[in-house]
Amino acid sequence: MQTSGVSKDTLLVTKLVTENAVMVFGQRGFCMCHVVRHLLLGLGVNPTISVVDEGDMAELRRMFGEEMVELPVVYIGGKLFGGMERLIVMTYSMNTKITGLSS
């Protein structure tokens with residue numbers, strides 16, 4: 001179904017990303033989505049998780065183009081934050097600052 005040249009799926013994804021402080025898209029049965037969720041929970045963030053299938057992946061890639069990273073992908077404040085690697089780096093950086101273990 002098209003609305004003014006924009007698909008219903010595009011509108012739904014855009015709504016999810018903009019209306020949730022932290023939004024995570026992951027693939028069904030892929031354990032990294034679970035890891036991302038727990039990393040965010042450890043930072044005191046309760047993310048909204050959306051499981052996508054292959055058809056949804058095509059829509060996400062079409063919408064976000066070059067910005068799209070591999071799943072799981074995290075959006076914060078309606079903007080692309082990144083994938084698993086960026087979240088791990090950020091989490092490590094925050095933990096070393098908190099504990100004073102920076103090298």
# chains A, B, ... in the order shown; residues from 1 in each chain; ligands from 1

call {"tool": "residues_around", "arguments": {"residues": "Asn20 in chain A", "least_positions_apart": "6", "cutoff": "9 Å", "atoms": "only C-alpha atoms", "output": "PDB file with all heavy atoms, in the first residue's frame"}}
result
ATOM      1  N   PRO A  47      15.773  -0.662  25.704  1.00  0.00           N
ATOM      2  CA  PRO A  47      15.500  -0.442  24.282  1.00  0.00           C
ATOM      3  C   PRO A  47      14.226  -1.125  23.815  1.00  0.00           C
ATOM      4  O   PRO A  47      13.783  -2.117  24.383  1.00  0.00           O
ATOM      5  CB  PRO A  47      16.707  -1.080  23.600  1.00  0.00           C
ATOM      6  CG  PRO A  47      17.080  -2.201  24.516  1.00  0.00           C
ATOM      7  CD  PRO A  47      16.814  -1.665  25.908  1.00  0.00           C
ATOM      8  N   THR A  48      13.652  -0.571  22.756  1.00  0.00           N
ATOM      9  CA  THR A  48      12.565  -1.234  22.049  1.00  0.00           C
ATOM     10  C   THR A  48      13.213  -2.104  20.987  1.00  0.00           C
ATOM     11  O   THR A  48      14.083  -1.641  20.251  1.00  0.00           O
ATOM     12  CB  THR A  48      11.629  -0.202  21.392  1.00  0.00           C
ATOM     13  OG1 THR A  48      11.114   0.651  22.418  1.00  0.00           O
ATOM     14  CG2 THR A  48      10.497  -0.875  20.652  1.00  0.00           C
ATOM     15  N   TYR A  75      19.291   2.620  16.878  1.00  0.00           N
ATOM     16  CA  TYR A  75      18.950   4.014  16.634  1.00  0.00           C
ATOM     17  C   TYR A  75      18.712   4.664  17.985  1.00  0.00           C
ATOM     18  O   TYR A  75      18.012   4.115  18.832  1.00  0.00           O
ATOM     19  CB  TYR A  75      17.689   4.140  15.780  1.00  0.00           C
ATOM     20  CG  TYR A  75      17.933   3.728  14.356  1.00  0.00           C
ATOM     21  CD1 TYR A  75      17.866   2.393  13.985  1.00  0.00           C
ATOM     22  CD2 TYR A  75      18.244   4.677  13.397  1.00  0.00           C
ATOM     23  CE1 TYR A  75      18.115   2.017  12.679  1.00  0.00           C
ATOM     24  CE2 TYR A  75      18.488   4.294  12.087  1.00  0.00           C
ATOM     25  CZ  TYR A  75      18.429   2.968  11.741  1.00  0.00           C
ATOM     26  OH  TYR A  75      18.675   2.587  10.451  1.00  0.00           O
ATOM     27  N   ILE A  76      19.324   5.824  18.194  1.00  0.00           N
ATOM     28  CA  ILE A  76      19.160   6.557  19.445  1.00  0.00           C
ATOM     29  C   ILE A  76      18.653   7.952  19.103  1.00  0.00           C
ATOM     30  O   ILE A  76      19.268   8.656  18.296  1.00  0.00           O
ATOM     31  CB  ILE A  76      20.480   6.639  20.234  1.00  0.00           C
ATOM     32  CG1 ILE A  76      20.946   5.229  20.596  1.00  0.00           C
ATOM     33  CG2 ILE A  76      20.307   7.507  21.481  1.00  0.00           C
ATOM     34  CD1 ILE A  76      22.287   5.175  21.293  1.00  0.00           C
ATOM     35  N   GLY A  77      17.546   8.323  19.699  1.00  0.00           N
ATOM     36  CA  GLY A  77      16.976   9.636  19.446  1.00  0.00           C
ATOM     37  C   GLY A  77      16.605   9.861  17.995  1.00  0.00           C
ATOM     38  O   GLY A  77      16.692  10.977  17.492  1.00  0.00           O
ATOM     39  N   GLY A  78      16.201   8.787  17.317  1.00  0.00           N
ATOM     40  CA  GLY A  78      15.786   8.897  15.930  1.00  0.00           C
ATOM     41  C   GLY A  78      16.918   8.912  14.925  1.00  0.00           C
ATOM     42  O   GLY A  78      16.692   9.023  13.728  1.00  0.00           O
TER      43      GLY A  78
END

call {"tool": "closest_atom_pairs", "arguments": {"of": "range 23-46 of chain A", "to": "range 56-60 of chain A", "cutoff": "12 Å", "atoms": "only C-alpha atoms", "output": "JSON lines"}}
result
{"residue": "A:Phe25", "atom": "CA", "partner": "A:Met57", "partner_atom": "CA", "distance": 9.4}
{"residue": "A:Gly26", "atom": "CA", "partner": "A:Met57", "partner_atom": "CA", "distance": 9.4}
{"residue": "A:Gln27", "atom": "CA", "partner": "A:Met57", "partner_atom": "CA", "distance": 8.8}
{"residue": "A:Arg28", "atom": "CA", "partner": "A:Asp56", "partner_atom": "CA", "distance": 11.4}

call {"tool": "residues_around", "arguments": {"residues": "range 85-97 of chain A", "least_positions_apart": "6", "cutoff": "9 Å", "atoms": "only C-alpha atoms", "output": "number ranges by chain"}}
result
A: 36, 39-40, 42-43, 74, 103

call {"tool": "write_last_selection", "arguments": {"atoms": "N, CA, C and O atoms", "output": "compact mmCIF listing (two decimals), in the first residue's frame"}}
result
# COMPACT_ATOMS: atom_id res chain seq x y z
N VAL A 36 23.02 -7.20 22.35
CA VAL A 36 22.84 -5.75 22.27
C VAL A 36 21.85 -5.29 23.33
O VAL A 36 22.09 -4.30 24.03
N LEU A 39 23.60 -5.33 26.71
CA LEU A 39 24.57 -4.24 26.83
C LEU A 39 23.85 -2.93 27.14
O LEU A 39 24.28 -2.16 28.01
N LEU A 40 22.75 -2.68 26.44
CA LEU A 40 21.99 -1.45 26.68
C LEU A 40 21.34 -1.46 28.05
O LEU A 40 21.34 -0.45 28.75
N GLY A 42 22.50 -2.90 30.64
CA GLY A 42 23.60 -2.66 31.57
C GLY A 42 23.95 -1.18 31.70
O GLY A 42 24.51 -0.74 32.71
N LEU A 43 23.61 -0.40 30.66
CA LEU A 43 23.84 1.04 30.69
C LEU A 43 22.64 1.79 31.24
O LEU A 43 22.62 3.02 31.26
N VAL A 74 21.26 -0.11 15.93
CA VAL A 74 20.71 0.67 17.03
C VAL A 74 20.47 2.12 16.56
O VAL A 74 21.34 2.73 15.94
N SER A 103 43.83 2.53 29.90
CA SER A 103 45.27 2.26 29.78
C SER A 103 46.02 3.41 29.19
O SER A 103 45.58 4.24 28.52

call {"tool": "closest_residue", "arguments": {"among": "A:Ile49, A:Leu41, A:Cys31, A:Val73", "to": "Leu16 in chain A", "atoms": "only C-alpha atoms"}}
result
A:Ile49

call {"tool": "select_by_dssp", "arguments": {"residues": "chain A", "states": "alpha helix (DSSP H)", "output": "ChimeraX atom specification"}}
result
/A:8-19,31-42,54-64,84-99

call {"tool": "atom_distance", "arguments": {"atom1": "CA of Arg61 in chain A", "atom2": "CA of Gly44 in chain A"}}
result
29.1 Å

call {"tool": "atom_distance", "arguments": {"atom1": "CA of Cys33 in chain A", "atom2": "CA of Ser7 in chain A"}}
result
25.9 Å

call {"tool": "select_by_dssp", "arguments": {"residues": "chain A", "states": "strand (DSSP E or B)", "output": "ChimeraX atom specification"}}
result
/A:2-3,6-7,22-27,48-52,73-76,79-83

call {"tool": "atom_distance", "arguments": {"atom1": "CA of Lys8 in chain A", "atom2": "CA of Val45 in chain A"}}
result
28.6 Å

call {"tool": "closest_residue", "arguments": {"among": "A:Thr10, A:Gly55, A:Met63, A:Gly82", "to": "Met23 in chain A", "atoms": "only C-alpha atoms"}}
result
A:Gly82

call {"tool": "closest_residue", "arguments": {"among": "A:His34, A:Thr14, A:Val51, A:Asn46", "to": "Leu80 in chain A", "atoms": "only C-alpha atoms"}}
result
A:Thr14

call {"tool": "decode", "arguments": {"residues": "chain A", "atoms": "C-alpha atoms", "output": "compact mmCIF listing (two decimals), in the first residue's frame"}}
result
# COMPACT_ATOMS: atom_id res chain seq x y z
CA MET A 1 0.00 0.00 0.00
CA GLN A 2 1.44 3.38 -1.02
CA THR A 3 0.77 6.71 0.65
CA SER A 4 2.09 9.72 -1.28
CA GLY A 5 4.88 7.62 -2.77
CA VAL A 6 5.96 6.26 0.64
CA SER A 7 5.29 2.63 1.51
CA LYS A 8 3.39 1.55 4.60
CA ASP A 9 6.54 -0.31 5.82
CA THR A 10 8.63 2.84 5.47
CA LEU A 11 6.13 4.81 7.51
CA LEU A 12 6.08 2.13 10.22
CA VAL A 13 9.88 1.94 10.48
CA THR A 14 10.17 5.72 10.53
CA LYS A 15 7.54 5.89 13.27
CA LEU A 16 9.34 3.23 15.35
CA VAL A 17 12.70 5.00 15.02
CA THR A 18 11.38 8.47 15.83
CA GLU A 19 8.98 7.55 18.64
CA ASN A 20 11.35 5.37 20.67
CA ALA A 21 14.35 6.79 22.51
CA VAL A 22 16.37 3.67 21.71
CA MET A 23 15.32 1.33 18.91
CA VAL A 24 17.07 -1.92 17.96
CA PHE A 25 16.37 -3.90 14.79
CA GLY A 26 17.57 -7.51 14.80
CA GLN A 27 17.00 -10.79 12.98
CA ARG A 28 14.85 -13.54 14.43
CA GLY A 29 16.95 -16.25 16.07
CA PHE A 30 20.16 -14.19 15.90
CA CYS A 31 21.73 -14.09 19.37
CA MET A 32 23.54 -10.77 18.83
CA CYS A 33 20.24 -8.92 19.23
CA HIS A 34 20.02 -10.44 22.71
CA VAL A 35 23.60 -9.31 23.44
CA VAL A 36 22.84 -5.75 22.27
CA ARG A 37 19.77 -5.66 24.48
CA HIS A 38 21.77 -6.73 27.54
CA LEU A 39 24.57 -4.24 26.83
CA LEU A 40 21.99 -1.45 26.68
CA LEU A 41 20.22 -2.70 29.80
CA GLY A 42 23.60 -2.66 31.57
CA LEU A 43 23.84 1.04 30.69
CA GLY A 44 20.42 1.67 32.20
CA VAL A 45 18.64 1.84 28.85
CA ASN A 46 15.50 -0.16 28.10
CA PRO A 47 15.50 -0.44 24.28
CA THR A 48 12.57 -1.23 22.05
CA ILE A 49 13.40 -4.32 19.97
CA SER A 50 11.95 -5.07 16.54
CA VAL A 51 12.60 -8.41 14.88
CA VAL A 52 12.91 -8.20 11.10
CA ASP A 53 12.88 -10.82 8.36
CA GLU A 54 14.53 -10.78 4.92
CA GLY A 55 11.76 -8.67 3.38
CA ASP A 56 12.08 -6.12 6.17
CA MET A 57 15.87 -6.07 5.64
CA ALA A 58 15.37 -5.07 2.02
CA GLU A 59 13.09 -2.24 3.14
CA LEU A 60 15.57 -1.04 5.78
CA ARG A 61 18.43 -1.07 3.27
CA ARG A 62 16.31 0.84 0.76
CA MET A 63 15.38 3.43 3.38
CA PHE A 64 18.78 3.96 4.97
CA GLY A 65 21.06 3.12 2.04
CA GLU A 66 24.73 3.73 2.79
CA GLU A 67 24.06 4.41 6.46
CA MET A 68 22.70 0.90 6.97
CA VAL A 69 24.96 -1.37 8.98
CA GLU A 70 24.59 -5.07 9.64
CA LEU A 71 21.96 -6.21 12.11
CA PRO A 72 21.49 -5.72 14.93
CA VAL A 73 21.35 -1.96 14.36
CA VAL A 74 20.71 0.67 17.03
CA TYR A 75 18.95 4.01 16.63
CA ILE A 76 19.16 6.56 19.45
CA GLY A 77 16.98 9.64 19.45
CA GLY A 78 15.79 8.90 15.93
CA LYS A 79 19.32 8.80 14.52
CA LEU A 80 21.45 5.85 13.45
CA PHE A 81 23.91 5.04 16.25
CA GLY A 82 25.47 1.98 14.64
CA GLY A 83 25.80 -1.73 15.04
CA MET A 84 27.23 -4.19 17.50
CA GLU A 85 30.85 -3.03 17.14
CA ARG A 86 30.10 0.61 17.94
CA LEU A 87 27.98 -0.37 20.94
CA ILE A 88 30.75 -2.59 22.33
CA VAL A 89 33.34 0.19 21.93
CA MET A 90 31.04 2.71 23.61
CA THR A 91 30.25 0.31 26.46
CA TYR A 92 33.94 -0.48 27.02
CA SER A 93 34.84 3.21 26.93
CA MET A 94 32.17 4.06 29.49
CA ASN A 95 33.16 1.18 31.78
CA THR A 96 36.87 2.12 31.74
CA LYS A 97 36.04 5.75 32.59
CA ILE A 98 33.80 4.65 35.45
CA THR A 99 36.27 2.15 36.92
CA GLY A 100 39.41 4.16 36.15
CA LEU A 101 40.99 1.24 34.28
CA SER A 102 41.87 3.16 31.12
CA SER A 103 45.27 2.26 29.78
